[in-house]
>>> print(open('protein.cif').read())   # mmCIF, C-alpha atoms
data_entry
loop_
_atom_site.label_atom_id
_atom_site.label_comp_id
_atom_site.auth_asym_id
_atom_site.auth_seq_id
_atom_site.Cartn_x
_atom_site.Cartn_y
_atom_site.Cartn_z
CA LEU S 1 -20.32 15.09 -15.45
CA PHE S 2 -20.39 11.73 -13.74
CA MET S 3 -23.29 10.70 -11.57
CA LEU S 4 -22.65 9.01 -8.24
CA LEU S 5 -23.99 5.50 -7.89
CA PRO S 6 -27.12 5.17 -5.73
CA GLY S 7 -25.22 3.53 -2.88
CA GLU S 8 -22.10 5.68 -3.19
CA LYS S 9 -23.22 9.10 -1.96
CA ILE S 10 -21.75 9.84 1.47
CA GLN S 11 -23.51 12.10 3.94
CA TRP S 12 -20.49 13.67 5.57
CA THR S 13 -20.86 14.51 9.27
CA LYS S 14 -18.45 16.03 11.74
CA GLU S 15 -17.46 13.33 14.19
CA ASP S 16 -16.71 14.59 17.70
CA VAL S 17 -15.02 12.40 20.27
CA PRO S 18 -17.69 11.73 22.90
CA ILE S 19 -16.96 12.74 26.49
CA ILE S 20 -17.98 9.90 28.76
CA THR S 21 -18.34 10.39 32.50
CA ALA S 22 -18.65 7.55 34.96
CA SER S 23 -18.27 6.99 38.69
CA ASP S 24 -15.25 5.17 40.12
CA THR S 25 -17.58 2.28 40.99
CA LYS S 26 -18.65 1.82 37.36
CA ILE S 27 -15.05 2.08 36.15
CA ASN S 28 -13.94 -0.54 38.67
CA ASP S 29 -16.80 -2.83 37.62
CA LYS S 30 -15.75 -2.50 33.97
CA TYR S 31 -12.19 -3.47 34.89
CA LEU S 32 -13.25 -6.41 37.06
CA THR S 33 -15.54 -7.87 34.40
CA GLY S 34 -12.66 -7.82 31.92
CA GLU S 35 -14.79 -6.01 29.32
CA VAL S 36 -11.69 -4.66 27.58
CA ARG S 37 -8.88 -7.01 28.54
CA ILE S 38 -6.63 -9.21 26.45
CA VAL S 39 -5.87 -12.80 27.45
CA THR S 40 -2.36 -13.94 26.52
CA GLU S 41 0.14 -16.71 26.95
CA GLN S 42 3.82 -16.97 26.00
CA ALA S 43 5.86 -19.51 24.07
CA ARG S 44 9.47 -20.00 22.88
CA TYR S 45 10.56 -21.65 19.61
CA PRO S 46 14.09 -22.92 18.78
CA LEU S 47 15.24 -21.17 15.61
CA ASP S 48 15.84 -24.42 13.72
CA THR S 49 12.14 -25.33 14.20
CA ILE S 50 10.76 -22.07 12.76
CA THR S 51 10.77 -23.26 9.14
CA GLY S 52 8.71 -26.34 9.98
CA MET S 53 6.38 -24.27 12.12
CA VAL S 54 5.71 -21.73 9.37
CA SER S 55 5.22 -24.42 6.69
CA SER S 56 2.83 -26.43 8.88
CA GLY S 57 -0.19 -24.50 7.61
CA LYS S 58 -1.09 -23.42 11.14
CA TYR S 59 0.36 -19.92 10.83
CA ASN S 60 -1.02 -17.20 8.56
CA LEU S 61 1.89 -14.84 7.93
CA MET S 62 -0.08 -12.31 5.89
CA PRO S 63 -3.39 -11.45 7.55
CA THR S 64 -5.15 -8.43 6.09
CA PHE S 65 -3.68 -5.97 8.59
CA GLN S 66 -0.06 -6.97 7.99
CA ARG S 67 2.46 -4.89 6.08
CA ARG S 68 4.11 -6.12 2.92
CA HIS S 69 7.71 -7.39 3.03
CA ARG S 70 10.11 -4.54 3.72
CA TRP S 71 13.49 -5.90 4.87
CA ASP S 72 16.51 -5.94 2.58
CA ASN S 73 19.37 -8.45 2.97
CA GLU S 74 21.40 -6.11 5.16
CA LYS S 75 18.61 -5.76 7.70
CA LYS S 76 18.00 -9.52 7.57
CA SER S 77 21.71 -10.06 8.21
CA ARG S 78 21.64 -7.81 11.27
CA LEU S 79 18.90 -9.98 12.76
CA ILE S 80 21.02 -13.10 12.25
CA GLU S 81 24.04 -11.31 13.74
CA SER S 82 21.92 -10.50 16.80
CA PHE S 83 21.15 -14.20 17.20
CA ILE S 84 24.86 -15.05 16.89
CA MET S 85 25.63 -12.56 19.66
CA ASN S 86 22.60 -13.65 21.72
CA VAL S 87 21.16 -10.12 21.71
CA PRO S 88 17.57 -10.20 23.09
CA ILE S 89 15.04 -10.07 20.23
CA PRO S 90 11.54 -8.63 20.77
CA PRO S 91 8.81 -11.30 20.80
CA ILE S 92 6.50 -11.89 17.87
CA PHE S 93 2.75 -11.45 18.42
CA LEU S 94 0.29 -14.15 17.36
CA TYR S 95 -3.49 -14.23 17.44
CA GLU S 96 -5.22 -17.57 18.02
CA VAL S 97 -7.90 -17.70 15.30
CA GLU S 98 -8.92 -21.22 16.24
CA PHE S 99 -7.27 -23.74 18.54
CA SER S 100 -3.71 -24.24 17.23
CA GLN S 101 -4.37 -21.89 14.28
CA TYR S 102 -2.67 -18.50 14.39
CA GLU S 103 -2.33 -15.18 12.59
CA VAL S 104 0.98 -13.32 12.78
CA MET S 105 0.13 -9.85 14.06
CA ASP S 106 3.72 -8.67 14.37
CA GLY S 107 6.89 -10.53 13.45
CA LEU S 108 6.43 -11.26 9.75
CA GLN S 109 9.89 -9.93 8.90
CA ARG S 110 11.61 -11.91 11.66
CA LEU S 111 9.88 -15.18 10.76
CA SER S 112 10.46 -14.71 7.03
CA THR S 113 14.12 -13.85 7.60
CA ILE S 114 14.72 -16.96 9.73
CA CYS S 115 13.03 -19.21 7.13
CA ASP S 116 14.99 -17.61 4.28
CA PHE S 117 18.25 -17.95 6.21
CA TYR S 118 17.83 -21.65 6.93
CA ALA S 119 16.86 -22.20 3.27
CA ASP S 120 20.06 -20.43 2.06
CA ARG S 121 18.00 -17.79 0.22
CA PHE S 122 20.36 -14.92 1.09
CA THR S 123 23.97 -14.34 2.08
CA LEU S 124 25.01 -12.33 5.11
CA THR S 125 26.04 -8.81 4.27
CA GLY S 126 26.91 -5.57 6.06
CA LEU S 127 27.81 -7.25 9.36
CA LYS S 128 29.88 -4.92 11.56
CA LEU S 129 30.80 -7.10 14.53
CA TRP S 130 31.13 -10.34 12.59
CA PRO S 131 32.51 -9.14 9.22
CA GLU S 132 34.22 -12.54 8.78
CA LEU S 133 30.78 -14.00 8.03
CA ASN S 134 29.83 -11.58 5.25
CA GLY S 135 29.15 -13.40 1.99
CA LYS S 136 28.20 -16.67 3.70
CA LYS S 137 24.90 -18.50 3.72
CA TYR S 138 23.69 -20.63 6.64
CA SER S 139 25.07 -23.87 5.15
CA GLU S 140 28.47 -22.19 4.65
CA LEU S 141 28.92 -21.04 8.25
CA PRO S 142 31.47 -22.77 10.51
CA GLU S 143 29.89 -25.64 12.42
CA MET S 144 30.15 -24.02 15.85
CA VAL S 145 28.44 -20.83 14.61
CA ARG S 146 25.61 -22.86 13.06
CA GLN S 147 25.12 -24.80 16.27
CA GLY S 148 25.14 -21.56 18.26
CA ILE S 149 22.38 -20.12 16.08
CA ASP S 150 20.36 -23.34 16.34
CA ARG S 151 20.42 -23.03 20.15
CA ARG S 152 18.74 -19.60 20.08
CA TYR S 153 15.03 -19.09 20.67
CA LEU S 154 12.36 -16.76 19.31
CA SER S 155 9.76 -15.76 21.88
CA SER S 156 6.11 -15.14 21.18
CA ILE S 157 3.12 -13.59 22.89
CA ILE S 158 -0.14 -15.26 21.89
CA LEU S 159 -3.47 -13.46 22.13
CA LEU S 160 -5.97 -16.17 22.93
CA GLN S 161 -9.47 -16.54 21.54
CA GLU S 162 -10.93 -15.61 24.91
CA SER S 163 -9.82 -12.01 24.30
CA ALA S 164 -12.82 -11.35 22.03
CA LYS S 165 -16.41 -12.55 22.24
CA THR S 166 -17.38 -12.05 18.57
CA PRO S 167 -15.56 -11.98 15.18
CA GLU S 168 -16.22 -8.23 15.00
CA LYS S 169 -14.65 -7.66 18.42
CA ALA S 170 -11.74 -9.89 17.44
CA GLN S 171 -11.03 -7.76 14.36
CA GLU S 172 -11.22 -4.54 16.39
CA MET S 173 -8.91 -5.99 19.03
CA LYS S 174 -6.35 -7.26 16.48
CA GLN S 175 -6.26 -3.92 14.71
CA LEU S 176 -5.91 -2.07 18.02
CA VAL S 177 -3.01 -4.25 19.16
CA PHE S 178 -1.35 -4.02 15.74
CA GLU S 179 -1.45 -0.22 15.94
CA ARG S 180 -0.04 -0.15 19.48
CA ILE S 181 2.83 -2.59 18.90
CA ASN S 182 3.80 -0.81 15.67
CA SER S 183 3.86 2.66 17.23
CA GLY S 184 7.66 2.28 17.45
CA GLY S 185 10.22 0.78 15.10
CA VAL S 186 9.66 1.22 11.36
CA LYS S 187 7.10 3.97 10.90
CA LEU S 188 3.88 2.86 9.26
CA GLU S 189 3.00 4.63 6.03
CA ALA S 190 -0.47 6.17 5.80
CA GLN S 191 -1.99 3.33 3.77
CA GLU S 192 -0.36 0.68 5.95
CA THR S 193 -2.13 2.25 8.93
CA ARG S 194 -5.45 2.32 7.07
CA ASN S 195 -4.97 -1.30 6.08
CA ALA S 196 -4.52 -2.23 9.74
CA LEU S 197 -7.17 -0.03 11.33
CA TYR S 198 -9.90 0.28 8.70
CA ASN S 199 -9.85 -3.02 6.90
CA GLY S 200 -13.15 -3.85 5.24
CA SER S 201 -14.76 -4.51 1.89
CA MET S 202 -13.59 -1.24 0.25
CA ASN S 203 -10.04 -1.65 1.56
CA GLN S 204 -9.93 -5.19 0.21
CA LEU S 205 -11.24 -3.98 -3.17
CA CYS S 206 -8.51 -1.32 -3.33
CA THR S 207 -5.87 -3.95 -2.52
CA LYS S 208 -7.19 -6.21 -5.28
CA LEU S 209 -7.33 -3.40 -7.87
CA SER S 210 -3.81 -2.25 -6.98
CA ARG S 211 -2.55 -5.20 -9.07
CA ASP S 212 -4.40 -3.96 -12.17
CA LYS S 213 -1.94 -4.27 -15.05
CA TYR S 214 -2.61 -0.75 -16.38
CA LEU S 215 -2.10 0.88 -12.97
CA CYS S 216 1.12 -1.11 -12.51
CA ALA S 217 2.34 -0.18 -15.99
CA LEU S 218 1.65 3.53 -15.50
CA PHE S 219 3.34 3.72 -12.09
CA GLY S 220 6.24 1.34 -12.71
CA ILE S 221 5.07 -1.39 -10.33
CA PRO S 222 6.31 -4.90 -11.27
CA ASN S 223 3.53 -7.05 -12.68
CA ILE S 224 4.03 -9.94 -15.10
CA GLU S 225 0.79 -8.96 -16.89
CA THR S 226 2.26 -5.64 -18.04
CA LEU S 227 4.71 -7.34 -20.40
CA ASP S 228 2.27 -7.43 -23.28
CA LEU S 229 1.70 -3.67 -22.92
CA PHE S 230 5.34 -2.82 -23.66
CA GLU S 231 6.35 -5.68 -25.95
CA GLU S 232 8.06 -3.43 -28.45
CA GLU S 233 10.26 -1.91 -25.71
CA GLN S 234 11.28 -5.14 -23.97
CA ASP S 235 14.45 -7.00 -24.85
CA PHE S 236 14.05 -9.52 -22.01
CA THR S 237 11.33 -11.58 -20.38
CA TYR S 238 10.18 -11.80 -16.78
CA ASP S 239 9.29 -14.83 -14.77
CA SER S 240 7.13 -14.83 -11.64
CA GLU S 241 10.12 -15.22 -9.32
CA THR S 242 11.83 -12.15 -10.80
CA VAL S 243 8.65 -10.11 -10.43
CA GLU S 244 8.29 -11.13 -6.78
CA LYS S 245 11.87 -10.04 -6.03
CA GLU S 246 11.35 -6.72 -7.78
CA LEU S 247 8.11 -6.16 -5.88
CA GLU S 248 9.98 -6.46 -2.59
CA ASN S 249 12.22 -3.57 -3.70
CA ASN S 250 9.47 -1.42 -5.21
CA ARG S 251 8.78 1.61 -3.04
CA LEU S 252 5.14 2.03 -4.07
CA TYR S 253 4.31 -1.63 -3.48
CA ARG S 254 6.20 -2.00 -0.21
CA SER S 255 4.53 1.06 1.34
CA MET S 256 1.08 0.06 -0.05
CA TYR S 257 0.99 3.37 -1.93
CA ASP S 258 -0.37 1.45 -4.92
CA VAL S 259 -3.43 0.63 -2.78
CA GLU S 260 -3.73 4.31 -1.84
CA LEU S 261 -3.74 5.28 -5.52
CA VAL S 262 -6.90 3.22 -6.03
CA LEU S 263 -8.47 4.64 -2.87
CA ARG S 264 -7.70 8.19 -4.04
CA PHE S 265 -9.68 7.61 -7.24
CA PHE S 266 -12.78 6.49 -5.36
CA ALA S 267 -12.46 9.24 -2.74
CA MET S 268 -12.30 11.92 -5.47
CA ARG S 269 -15.88 11.02 -6.34
CA ASN S 270 -16.89 12.39 -2.91
CA LEU S 271 -14.50 15.33 -2.89
CA GLU S 272 -16.83 17.53 -0.82
CA GLY S 273 -15.73 15.52 2.22
CA TYR S 274 -12.18 16.91 1.86
CA GLN S 275 -12.02 19.66 4.46
CA ASN S 276 -8.68 19.67 6.31
CA GLN S 277 -5.81 17.20 5.84
CA PHE S 278 -5.92 15.01 2.72
CA SER S 279 -4.80 11.94 4.67
CA ASP S 280 -7.65 12.48 7.15
CA PHE S 281 -10.06 12.74 4.22
CA LEU S 282 -8.90 9.36 2.88
CA ASP S 283 -9.22 7.82 6.35
CA LYS S 284 -12.75 9.08 6.76
CA TYR S 285 -13.78 8.11 3.24
CA LEU S 286 -12.50 4.55 3.72
CA ILE S 287 -14.43 4.18 6.98
CA TYR S 288 -17.65 5.21 5.20
CA ALA S 289 -16.92 3.28 2.00
CA ASN S 290 -16.33 0.02 3.87
CA GLU S 291 -20.10 0.07 4.44
CA PHE S 292 -20.96 0.17 0.71
CA GLY S 293 -22.99 -2.76 -0.56
CA SER S 294 -21.51 -5.45 -2.78
CA GLU S 295 -23.35 -4.17 -5.88
CA THR S 296 -21.95 -0.65 -5.42
CA LEU S 297 -18.43 -2.00 -4.91
CA SER S 298 -18.72 -4.15 -8.03
CA GLU S 299 -19.80 -1.15 -10.13
CA LEU S 300 -16.99 0.99 -8.69
CA SER S 301 -14.52 -1.75 -9.55
CA ASN S 302 -15.68 -1.69 -13.16
CA ILE S 303 -15.44 2.12 -13.26
CA PHE S 304 -11.85 2.05 -12.02
CA GLU S 305 -10.74 -0.67 -14.45
CA THR S 306 -12.42 1.11 -17.37
CA THR S 307 -10.87 4.47 -16.45
CA ILE S 308 -7.30 3.30 -15.85
CA SER S 309 -7.23 1.33 -19.11
CA PHE S 310 -8.68 4.39 -20.91
CA ALA S 311 -5.85 6.52 -19.48
CA PHE S 312 -3.24 4.09 -20.80
CA GLN S 313 -4.83 3.81 -24.24
CA LEU S 314 -5.30 7.56 -24.64
CA PHE S 315 -1.98 8.86 -23.31
CA GLY S 316 0.35 5.85 -23.22
CA LYS S 317 2.98 5.39 -20.55
CA TYR S 318 3.21 9.14 -19.88
CA ALA S 319 -0.46 9.42 -18.90
CA PHE S 320 0.25 10.74 -15.40
CA TYR S 321 3.54 12.50 -16.10
CA LEU S 322 3.74 16.30 -16.03
CA TRP S 323 5.20 18.21 -18.99
CA ARG S 324 7.39 20.59 -17.04
CA CYS S 325 9.92 23.39 -17.44
CA ARG S 326 13.51 22.97 -16.26
CA LYS S 327 16.41 25.38 -16.10
CA THR S 328 19.49 24.20 -17.99
CA GLN S 329 22.80 25.78 -18.93
CA ASN S 330 21.28 26.56 -22.32
CA GLY S 331 18.15 28.16 -20.88
CA LEU S 332 14.66 26.82 -20.16
CA LYS S 333 13.80 23.36 -21.48
CA TRP S 334 10.47 21.54 -21.53
CA GLY S 335 10.19 17.78 -21.07
CA TRP S 336 8.37 15.03 -19.24
CA TYR S 337 8.88 14.79 -15.48
CA GLU S 338 10.79 11.60 -14.62
CA ARG S 339 7.89 9.86 -12.88
CA PRO S 340 4.08 9.99 -12.61
CA THR S 341 2.55 12.41 -10.12
CA THR S 342 -0.74 12.54 -8.24
CA THR S 343 -1.02 16.20 -9.28
CA VAL S 344 -1.96 14.77 -12.68
CA TYR S 345 -3.38 11.38 -11.65
CA ASP S 346 -6.10 12.61 -9.27
CA PRO S 347 -7.88 15.15 -11.48
CA LEU S 348 -7.24 13.40 -14.81
CA MET S 349 -8.75 10.12 -13.57
CA VAL S 350 -11.86 12.00 -12.43
CA VAL S 351 -12.34 13.56 -15.85
CA LEU S 352 -11.57 10.37 -17.80
CA SER S 353 -14.17 8.50 -15.74
CA GLU S 354 -16.71 11.21 -16.64
CA ILE S 355 -16.04 11.07 -20.39
CA SER S 356 -15.49 7.33 -20.77
CA PRO S 357 -18.75 6.99 -22.80
CA GLN S 358 -16.90 9.07 -25.46
CA LYS S 359 -13.89 6.76 -25.28
CA GLU S 360 -13.82 5.57 -28.91
CA LYS S 361 -14.23 9.08 -30.29
CA LEU S 362 -11.31 10.33 -28.20
CA LEU S 363 -9.06 7.34 -28.95
CA ASP S 364 -9.39 8.17 -32.66
CA LYS S 365 -7.77 11.51 -31.84
CA SER S 366 -5.21 10.20 -29.36
CA LYS S 367 -2.20 11.25 -31.44
CA LYS S 368 -3.33 14.88 -31.55
CA ILE S 369 -4.38 14.83 -27.88
CA ARG S 370 -0.92 13.59 -26.85
CA GLU S 371 0.71 16.46 -28.68
CA ASP S 372 -1.75 19.13 -27.52
CA ILE S 373 -1.50 18.11 -23.86
CA LYS S 374 2.08 19.43 -23.82
CA LEU S 375 0.91 22.94 -24.74
CA PHE S 376 -1.93 22.56 -22.22
CA TYR S 377 0.60 21.99 -19.43
CA GLN S 378 2.76 24.88 -20.59
CA GLU S 379 -0.22 27.27 -20.54
CA ASN S 380 -1.40 26.04 -17.11
CA TYR S 381 1.96 25.24 -15.59
CA GLY S 382 1.38 27.37 -12.51
CA VAL S 383 -1.65 25.26 -11.58
CA PHE S 384 0.09 21.90 -11.96
CA GLU S 385 3.73 22.42 -10.98
CA GLY S 386 3.14 23.19 -7.30
CA ARG S 387 2.82 20.65 -4.53
CA ASN S 388 -0.42 22.18 -3.26
CA SER S 389 -3.17 19.60 -3.12
CA ASN S 390 -5.96 21.22 -1.15
CA ARG S 391 -9.51 20.84 -2.36
CA SER S 392 -9.59 24.06 -4.39
CA ASP S 393 -6.37 23.11 -6.21
CA ILE S 394 -7.80 19.72 -7.19
CA GLU S 395 -11.11 21.26 -8.32
CA LYS S 396 -9.22 23.82 -10.43
CA ARG S 397 -7.23 21.06 -12.18
CA ILE S 398 -10.38 19.03 -12.78
CA ALA S 399 -12.03 22.06 -14.41
CA LEU S 400 -9.00 22.58 -16.68
CA TYR S 401 -8.97 18.94 -17.83
CA ARG S 402 -12.72 19.12 -18.50
CA ASN S 403 -12.28 22.13 -20.75
CA PHE S 404 -9.33 20.52 -22.52
CA MET S 405 -11.22 17.30 -23.27
CA LYS S 406 -14.38 19.16 -24.21
CA ASN S 407 -12.69 20.49 -27.35
CA TYR S 408 -12.18 16.95 -28.74
CA ILE S 409 -15.61 15.68 -27.76
CA GLU S 410 -17.45 18.58 -29.42
CA ASP S 411 -15.18 18.70 -32.48
#
>>> encode(input="protein.cif", output="C-alpha cells")
Amino acid sequence: LFMLLPGEKIQWTKEDVPIITASDTKINDKYLTGEVRIVTEQARYPLDTITGMVSSGKYNLMPTFQRRHRWDNEKKSRLIESFIMNVPIPPIFLYEVEFSQYEVMDGLQRLSTICDFYADRFTLTGLKLWPELNGKKYSELPEMVRQGIDRRYLSSIILLQESAKTPEKAQEMKQLVFERINSGGVKLEAQETRNALYNGSMNQLCTKLSRDKYLCALFGIPNIETLDLFEEEQDFTYDSETVEKELENNRLYRSMYDVELVLRFFAMRNLEGYQNQFSDFLDKYLIYANEFGSETLSELSNIFETTISFAFQLFGKYAFYLWRCRKTQNGLKWGWYERPTTTVYDPLMVVLSEISPQKEKLLDKSKKIREDIKLFYQENYGVFEGRNSNRSDIEKRIALYRNFMKNYIED
C-alpha cells in the first residue's frame, strides 16, 4: 500500500463556527473604524471603447478566481440585443490591483462578448425581438443600429486598493465579493466555487495538472497534445484555434470538473477525512492541502502524472469506463459504458498509484488484464453500477481493485 508523504498527512479536526459576543459599543467601534468595509468608485465605458480598454494590458480578464468561458453565441446575441433595446445591464466588478491596473472580478462574459462582437467573431443568432438581425455580424448591421450600439455604455464598480491593507486581506476580500455577486445568475459548479474561495498552491497545482494530456485523453477533454496518443484513429488534424473553440463547448472544462478530477485523486490519499458530504470533504481537503510545502506539492504532482499515464498505458482509452449490463430486445448485453465514470476513476487511480513500482511487470500483461477486467466487472457489478459514493463504497472498490491487481503482480 502507498505511504503518505511526510508533509501530506492531514490531522483532521472538526471545525465549529465560533460564537462571538460583543457589546454594542465594540460593534459600533468596529463599524466606525472601517475594519471590514469596501471602498468603491463607479465608471462608465462606451461600448466602442471596450476593445481598446481590454487590449491595453491594464485589465486582467482571467484572475485565479474567475470562471472559464461559458457563453454560447445565442447568449452572447441576447446581450447585444439588450444593448440595441437599451435594456439596463448589470455593472461589471473590477478590483484595483495597482493604480490603473485591474482584475475583472465579475463581467468576463460581458467584456469578452463585446470584444468578440466588435471584431466580427460571431453572428447574431436566436434573437426574438430583433429577428431581422439574426445571421449578421457587427460590420453587417445597418448603420443606424451600429451607431445606436456604439452610444451605449457599460457600467463598472471598482473596488479600490484601500479596501484591503495586505495582499492576504485583498485575496480574502476578492474571493468574498466574488462569492456574493455570483450568488445569483448562472449557478457556480462546486469546483468553480472552490477555485474562487479556496485558491492557493494546491488549487493552482490541480488547475495545471488538469491539462495533462493523459487525463484529457481519458475524459475526452480537447488538448492538442493528445493527438499523438490516438494517431491511428485520427483522420484529421487539430490546430490550436480549433482546440480552443472545442474547449469552450466542453462540459468538463467549462465547469472546471477537470480540475476537480485531479483534486479527487489527491483527496483520496486522505480518505479518512471523508465523513459526511463528498463535496464538503473536497472543500476541507483543499483548505488543508493549500498549506502543503512546495516539496510535497512537487512530489504529489509527479505521483499524479505517473499514475494517470500508467492508467492510459495499462487500459487504453477505456481505463475509467465501466463494463456494464444493459437490457435489450434480445436480452441482457454487456458492453462499455459510453463515458468514463468516477465510480471507476477514484478507486482505480488509488490502486494504480500504489502499484506503480510494478508498472513494467503489469504492462507486459496488459492484453490479458484488459480482457480479465471485463469479467471482474461482471462478477462485482453490484458494487460498481450504483451511484453510491460514500466512504465505505469507495473503500470496498479499492479493496476489489487491489485483489484484482494482486493476481498479476504475484503471478
>>> atom_distance(input="protein.cif", atom1="atom CA of Ser255 of chain S", atom2="atom CA of Glu189 of chain S")
6.1 Å
>>> residues_around(input="protein.cif", residues="segment 366-374 of chain S", least_positions_apart="2", cutoff="10 Å", atoms="all atoms listed in the file", output="MDAnalysis selection string")
chainID S and resid 313:316 318:319 322:324 334:336 360:364 376:379 401 404:405 408
>>> closest_residue(input="protein.cif", among="S:Ser240, S:Tyr138, S:Glu291, S:Val97", to="Lys174 of chain S", atoms="only C-alpha atoms")
S:Val97
>>> closest_residue(input="protein.cif", among="S:Leu227, S:Leu127, S:Leu141, S:Leu61", to="Gln101 of chain S", atoms="all atoms listed in the file")
S:Leu61
>>> atom_distance(input="protein.cif", atom1="atom CA of Ser23 of chain S", atom2="atom CA of Gln171 of chain S")
29.4 Å
>>> residues_around(input="protein.cif", residues="segment 299-312 of chain S", least_positions_apart="3", cutoff="7 Å", atoms="only C-alpha atoms", output="count of residues only")
12
>>> atom_distance(input="protein.cif", atom1="atom CA of Pro222 of chain S", atom2="atom CA of Glu248 of chain S")
9.6 Å
>>> closest_residue(input="protein.cif", among="S:Leu154, S:Leu297, S:Leu111, S:Ile398", to="Leu5 of chain S", atoms="only C-alpha atoms")
S:Leu297
>>> closest_residue(input="protein.cif", among="S:Leu247, S:Met144, S:Ile92, S:Leu176", to="Asn223 of chain S", atoms="all atoms listed in the file")
S:Leu247
>>> residues_around(input="protein.cif", residues="Tyr257 of chain S", least_positions_apart="3", cutoff="12 Å", atoms="only C-alpha atoms", output="list of chain:residue names")
S:Arg67, S:Arg68, S:Leu188, S:Glu189, S:Ala190, S:Gln191, S:Glu192, S:Thr193, S:Arg194, S:Asn195, S:Cys206, S:Thr207, S:Ser210, S:Arg211, S:Leu215, S:Cys216, S:Phe219, S:Ile221, S:Asn250, S:Arg251, S:Leu252, S:Tyr253, S:Arg254, S:Glu260, S:Leu261, S:Val262, S:Leu263, S:Arg264, S:Thr342
>>> decode(input="protein.cif", residues="segment 120-134 of chain S", atoms="N, CA, C and O atoms", output="short mmCIF file (atom, residue, chain, number, x, y, z; two decimals), in the first residue's frame")
data_model
loop_
_atom_site.label_atom_id
_atom_site.label_comp_id
_atom_site.auth_asym_id
_atom_site.auth_seq_id
_atom_site.Cartn_x
_atom_site.Cartn_y
_atom_site.Cartn_z
N ASP S 120 -16.20 41.03 -35.09
CA ASP S 120 -16.91 40.17 -36.05
C ASP S 120 -16.61 38.69 -35.84
O ASP S 120 -16.56 37.91 -36.80
N ARG S 121 -16.42 38.27 -34.58
CA ARG S 121 -16.08 36.86 -34.31
C ARG S 121 -17.32 35.97 -34.20
O ARG S 121 -17.18 34.75 -34.12
N PHE S 122 -18.51 36.54 -34.15
CA PHE S 122 -19.71 35.70 -34.15
C PHE S 122 -20.87 36.47 -34.80
O PHE S 122 -20.85 37.69 -34.88
N THR S 123 -21.83 35.70 -35.28
CA THR S 123 -23.03 36.29 -35.88
C THR S 123 -24.17 36.21 -34.88
O THR S 123 -24.25 35.28 -34.07
N LEU S 124 -25.06 37.17 -34.94
CA LEU S 124 -26.21 37.18 -34.05
C LEU S 124 -27.13 36.01 -34.38
O LEU S 124 -27.36 35.68 -35.55
N THR S 125 -27.64 35.40 -33.33
CA THR S 125 -28.50 34.23 -33.54
C THR S 125 -29.50 34.13 -32.40
O THR S 125 -29.21 34.53 -31.27
N GLY S 126 -30.68 33.61 -32.70
CA GLY S 126 -31.69 33.37 -31.66
C GLY S 126 -32.36 34.61 -31.13
O GLY S 126 -33.03 34.55 -30.08
N LEU S 127 -32.22 35.75 -31.83
CA LEU S 127 -32.87 36.97 -31.35
C LEU S 127 -34.39 36.86 -31.52
O LEU S 127 -34.88 36.44 -32.57
N LYS S 128 -35.13 37.24 -30.50
CA LYS S 128 -36.59 37.12 -30.54
C LYS S 128 -37.26 38.44 -30.92
O LYS S 128 -38.23 38.46 -31.67
N LEU S 129 -36.75 39.55 -30.39
CA LEU S 129 -37.39 40.83 -30.65
C LEU S 129 -36.79 41.55 -31.86
O LEU S 129 -37.40 42.44 -32.44
N TRP S 130 -35.60 41.15 -32.25
CA TRP S 130 -34.97 41.69 -33.45
C TRP S 130 -34.53 40.53 -34.37
O TRP S 130 -33.35 40.40 -34.70
N PRO S 131 -35.47 39.68 -34.79
CA PRO S 131 -35.10 38.53 -35.63
C PRO S 131 -34.52 38.94 -36.98
O PRO S 131 -33.82 38.16 -37.61
N GLU S 132 -34.79 40.20 -37.40
CA GLU S 132 -34.25 40.68 -38.68
C GLU S 132 -32.73 40.73 -38.68
O GLU S 132 -32.09 40.75 -39.74
N LEU S 133 -32.13 40.75 -37.47
CA LEU S 133 -30.68 40.88 -37.36
C LEU S 133 -29.97 39.53 -37.22
O LEU S 133 -28.74 39.48 -37.22
N ASN S 134 -30.73 38.46 -37.10
CA ASN S 134 -30.10 37.14 -37.00
C ASN S 134 -29.25 36.86 -38.24
O ASN S 134 -29.65 37.15 -39.37
#
